[in-house]
Amino acid sequence: TLWWVVLGYVTLLATLFAGILLVIAGVVIAVKFQGLVGTIIATLLALVGLLAAVFICGSLWVRFDPPPGIDLTAEEHPDLHSLITETGHLAGGVRFQRVVLDGEMNASVVQNPRLGVLGWYRSYLVIGLPLMESLSSEELRGVLAHEFAHVAGGDGKAGAWLPRTRTTWERVVAHMSAGPYCPLLPRFFNWFWPRFNSRAFLLSRFNELAADRVSAAVLSPAVLSCALQRLPIQGERLEDDFWDPMERMILGNGPLRENAMEQMTTLLRAEPDS
């Protein structure tokens, strides 16, 4: 997989370098041959090279929006941040620029590159409110340890490189395929992307297993097993007993629940029917 990434980078940089050479060649021709033909040739070369260079630079500078949600600051939620810090230390050490609350039955680590394919990542921890309502503090610690293992020290950083690179290249390939310039590049990346993505996906499965081992080391396997079993059950209860009735109410133009969040909390904290 590393060699496929190198191949992608080499192709982009070679195209960028060729564009710069065309611009330089156009300038040289314009200086040495000042007739009409020389001027036309120089202009065409410089224009093609400039378009290629600008297109490549625009493709490399992919933009990632921060995850939506409510910021959970350390000042307002010290206990949660204490649990995050302690778990991050046990999982190998990891820091986040922001902790974000959303409405999903999930937790995830989002890493957005500040410099496109060049990296310099900003890390976000996204925690779903239904997830926190469904799990005990120890079970939540196990789920977070699993996510932290993807970006923590040791093997985790190598594992984190893979999904980050895969996501970034997905954006780059989409930009390349939609671009009207450099017609050969979309052909190359339509050939390159499925082959790189299939290998990256396979390796990501091994990364998940490694994260499970880290999570089990932070907690007892029994607690982790309980958390992993509880999540799909609670997710199904939330969908069937909360979101589906609310959707039917909205479609029927009925009034929205005034205490929806309290009802969700009550549902998730109650023991499920056997």
# chains A, B, ... in the order shown; residues from 1 in each chain; ligands from 1

call {"tool": "residues_around", "arguments": {"residues": "Val28 in chain A", "least_positions_apart": "5", "cutoff": "10 Å", "atoms": "only C-alpha atoms", "output": "ChimeraX atom specification"}}
result
/A:22-23,33,42,46

call {"tool": "residues_around", "arguments": {"residues": "Gly26 in chain A", "least_positions_apart": "6", "cutoff": "9 Å", "atoms": "only C-alpha atoms", "output": "NGL selection string"}}
result
:A and (39 or 41-47 or 49)

call {"tool": "write_last_selection", "arguments": {"atoms": "C-alpha atoms", "output": "CSV table (one decimal), in the first residue's frame"}}
result
chain,number,residue,atom,x,y,z
A,39,THR,CA,5.1,34.4,-29.4
A,41,ILE,CA,4.2,29.0,-29.3
A,42,ALA,CA,5.5,30.5,-26.1
A,43,THR,CA,2.0,31.7,-25.1
A,44,LEU,CA,0.5,28.2,-25.7
A,45,LEU,CA,3.3,26.4,-23.8
A,46,ALA,CA,3.1,28.8,-20.8
A,47,LEU,CA,-0.7,28.6,-20.7
A,49,GLY,CA,2.0,24.6,-18.1

call {"tool": "select_by_dssp", "arguments": {"residues": "range 37-222 of chain A", "states": "alpha helix (DSSP H)", "output": "PyMOL selection string"}}
result
chain A and resi 37-60+78-90+129-134+137-149+155-178+184-218+221-222

call {"tool": "atom_distance", "arguments": {"atom1": "CA of Ala174 in chain A", "atom2": "CA of Gln111 in chain A"}}
result
19.3 Å

call {"tool": "residues_around", "arguments": {"residues": "Leu125 in chain A", "least_positions_apart": "4", "cutoff": "12 Å", "atoms": "only C-alpha atoms", "output": "MDAnalysis selection string"}}
result
chainID A and resid 66:73 80:81 84:85 88 94:102 106:112 144:145 147:148 150:151

call {"tool": "residues_around", "arguments": {"residues": "Ala53 in chain A", "least_positions_apart": "6", "cutoff": "9 Å", "atoms": "only C-alpha atoms", "output": "ChimeraX atom specification"}}
result
/A:15-20

call {"tool": "write_last_selection", "arguments": {"atoms": "C-alpha atoms", "output": "PDB file, in the first residue's frame"}}
result
ATOM      1  CA  THR A  15       2.771  16.545 -13.559  1.00  0.00           C
ATOM      2  CA  LEU A  16       3.388  19.654 -11.468  1.00  0.00           C
ATOM      3  CA  PHE A  17       7.071  19.679 -12.449  1.00  0.00           C
ATOM      4  CA  ALA A  18       6.161  19.236 -16.130  1.00  0.00           C
ATOM      5  CA  GLY A  19       3.783  22.182 -15.906  1.00  0.00           C
ATOM      6  CA  ILE A  20       6.479  24.373 -14.372  1.00  0.00           C
TER       7      ILE A  20
END

call {"tool": "closest_residue", "arguments": {"among": "A:Pro245, A:Ile24, A:Leu90, A:Gly8", "to": "Arg257 in chain A", "atoms": "only C-alpha atoms"}}
result
A:Pro245

call {"tool": "residues_around", "arguments": {"residues": "Phe188 in chain A", "least_positions_apart": "4", "cutoff": "12 Å", "atoms": "only C-alpha atoms", "output": "list in words"}}
result
Leu7, Gly8, Thr11, Leu12, Thr15, Val173, Met176, Ser177, Cys182, Pro183, Leu184, Phe192, Trp193, Pro194 and Arg195 of chain A

call {"tool": "write_last_selection", "arguments": {"atoms": "C-alpha atoms", "output": "CSV table (one decimal), in the first residue's frame"}}
result
chain,number,residue,atom,x,y,z
A,7,LEU,CA,3.1,6.1,-7.0
A,8,GLY,CA,0.3,8.6,-6.6
A,11,THR,CA,2.5,11.2,-10.6
A,12,LEU,CA,1.2,14.4,-9.1
A,15,THR,CA,2.8,16.5,-13.6
A,173,VAL,CA,-9.2,11.6,-7.0
A,176,MET,CA,-9.0,15.0,-10.5
A,177,SER,CA,-11.9,13.1,-12.2
A,182,CYS,CA,-5.0,17.3,-17.9
A,183,PRO,CA,-7.2,14.6,-19.5
A,184,LEU,CA,-4.6,11.9,-18.9
A,192,PHE,CA,-5.0,3.9,-9.5
A,193,TRP,CA,-7.9,4.5,-7.0
A,194,PRO,CA,-9.7,1.1,-7.0
A,195,ARG,CA,-6.4,-0.7,-6.6

call {"tool": "closest_residue", "arguments": {"among": "A:Val218, A:Arg205, A:Thr87, A:Pro130", "to": "Glu236 in chain A", "atoms": "only C-alpha atoms"}}
result
A:Pro130

call {"tool": "select_by_dssp", "arguments": {"residues": "range 18-155 of chain A", "states": "strand (DSSP E or B)", "output": "PyMOL selection string"}}
result
chain A and resi 70-71+98-102+107-113+121-128

call {"tool": "write_last_selection", "arguments": {"atoms": "C-alpha atoms", "output": "compact mmCIF listing (two decimals), in the first residue's frame"}}
result
# COMPACT_ATOMS: atom_id res chain seq x y z
CA ILE A 70 -21.43 21.06 20.20
CA ASP A 71 -18.01 21.74 21.70
CA ARG A 98 -11.63 19.71 20.18
CA VAL A 99 -14.11 17.34 21.78
CA VAL A 100 -17.46 17.47 19.97
CA LEU A 101 -20.89 16.15 20.95
CA ASP A 102 -23.28 14.91 18.25
CA ALA A 107 -17.69 7.70 18.94
CA SER A 108 -14.96 8.52 16.45
CA VAL A 109 -11.66 10.28 16.02
CA VAL A 110 -11.61 12.68 13.06
CA GLN A 111 -8.28 13.94 11.75
CA ASN A 112 -8.41 16.70 9.14
CA PRO A 113 -5.23 17.75 7.31
CA TYR A 121 -3.48 16.97 11.09
CA ARG A 122 -5.99 18.56 13.45
CA SER A 123 -7.63 15.94 15.70
CA TYR A 124 -11.24 15.92 16.90
CA LEU A 125 -12.92 13.50 19.26
CA VAL A 126 -16.61 13.12 18.37
CA ILE A 127 -18.84 11.47 20.99
CA GLY A 128 -22.54 10.79 20.51

call {"tool": "residues_around", "arguments": {"residues": "Phe242 in chain A", "least_positions_apart": "5", "cutoff": "12 Å", "atoms": "only C-alpha atoms", "output": "PDB file with C-alpha atoms, in the first residue's frame"}}
result
ATOM      1  CA  PRO A 130     -26.914   8.481  22.837  1.00  0.00           C
ATOM      2  CA  GLN A 234     -29.341   0.265  22.260  1.00  0.00           C
ATOM      3  CA  GLY A 235     -29.027   1.525  18.695  1.00  0.00           C
ATOM      4  CA  GLU A 236     -31.984  -0.606  17.626  1.00  0.00           C
ATOM      5  CA  ARG A 237     -34.049   0.505  20.631  1.00  0.00           C
ATOM      6  CA  GLU A 247     -40.508  10.779  12.333  1.00  0.00           C
ATOM      7  CA  ARG A 248     -44.089   9.560  12.044  1.00  0.00           C
ATOM      8  CA  MET A 249     -45.196  12.438  14.252  1.00  0.00           C
ATOM      9  CA  ARG A 257     -42.112  16.530  21.880  1.00  0.00           C
ATOM     10  CA  ALA A 260     -37.480  14.804  23.605  1.00  0.00           C
ATOM     11  CA  MET A 261     -33.989  14.632  25.072  1.00  0.00           C
ATOM     12  CA  GLU A 262     -35.290  13.643  28.492  1.00  0.00           C
ATOM     13  CA  GLN A 263     -37.373  10.883  26.913  1.00  0.00           C
ATOM     14  CA  MET A 264     -34.340   9.619  24.999  1.00  0.00           C
ATOM     15  CA  THR A 265     -32.290   9.555  28.193  1.00  0.00           C
ATOM     16  CA  THR A 266     -35.025   7.659  30.049  1.00  0.00           C
ATOM     17  CA  LEU A 267     -35.295   5.134  27.230  1.00  0.00           C
ATOM     18  CA  LEU A 268     -31.583   4.436  26.992  1.00  0.00           C
TER      19      LEU A 268
END

call {"tool": "atom_distance", "arguments": {"atom1": "CA of Asp79 in chain A", "atom2": "CA of Ser134 in chain A"}}
result
17.4 Å

call {"tool": "atom_distance", "arguments": {"atom1": "CA of Leu21 in chain A", "atom2": "CA of Trp169 in chain A"}}
result
25.4 Å

call {"tool": "residues_around", "arguments": {"residues": "Ser220 in chain A", "least_positions_apart": "5", "cutoff": "10 Å", "atoms": "only C-alpha atoms", "output": "JSON, numbers by chain"}}
result
{"A": [138, 139, 142, 215, 225]}

call {"tool": "write_last_selection", "arguments": {"atoms": "C-alpha atoms", "output": "short mmCIF file (atom, residue, chain, number, x, y, z; two decimals), in the first residue's frame"}}
result
data_model
loop_
_atom_site.label_atom_id
_atom_site.label_comp_id
_atom_site.auth_asym_id
_atom_site.auth_seq_id
_atom_site.Cartn_x
_atom_site.Cartn_y
_atom_site.Cartn_z
CA GLU A 138 -16.11 1.99 32.23
CA GLU A 139 -17.84 0.80 29.08
CA GLY A 142 -13.43 0.92 26.50
CA SER A 215 -9.12 -1.58 24.20
CA SER A 225 -17.53 -7.41 25.52
#

call {"tool": "closest_residue", "arguments": {"among": "A:Ile233, A:Ala200, A:Met105, A:Leu224", "to": "Trp4 in chain A", "atoms": "only C-alpha atoms"}}
result
A:Ala200

call {"tool": "closest_residue", "arguments": {"among": "A:Ile56, A:Ala149, A:Ala270, A:Leu2", "to": "Ala14 in chain A", "atoms": "only C-alpha atoms"}}
result
A:Ile56
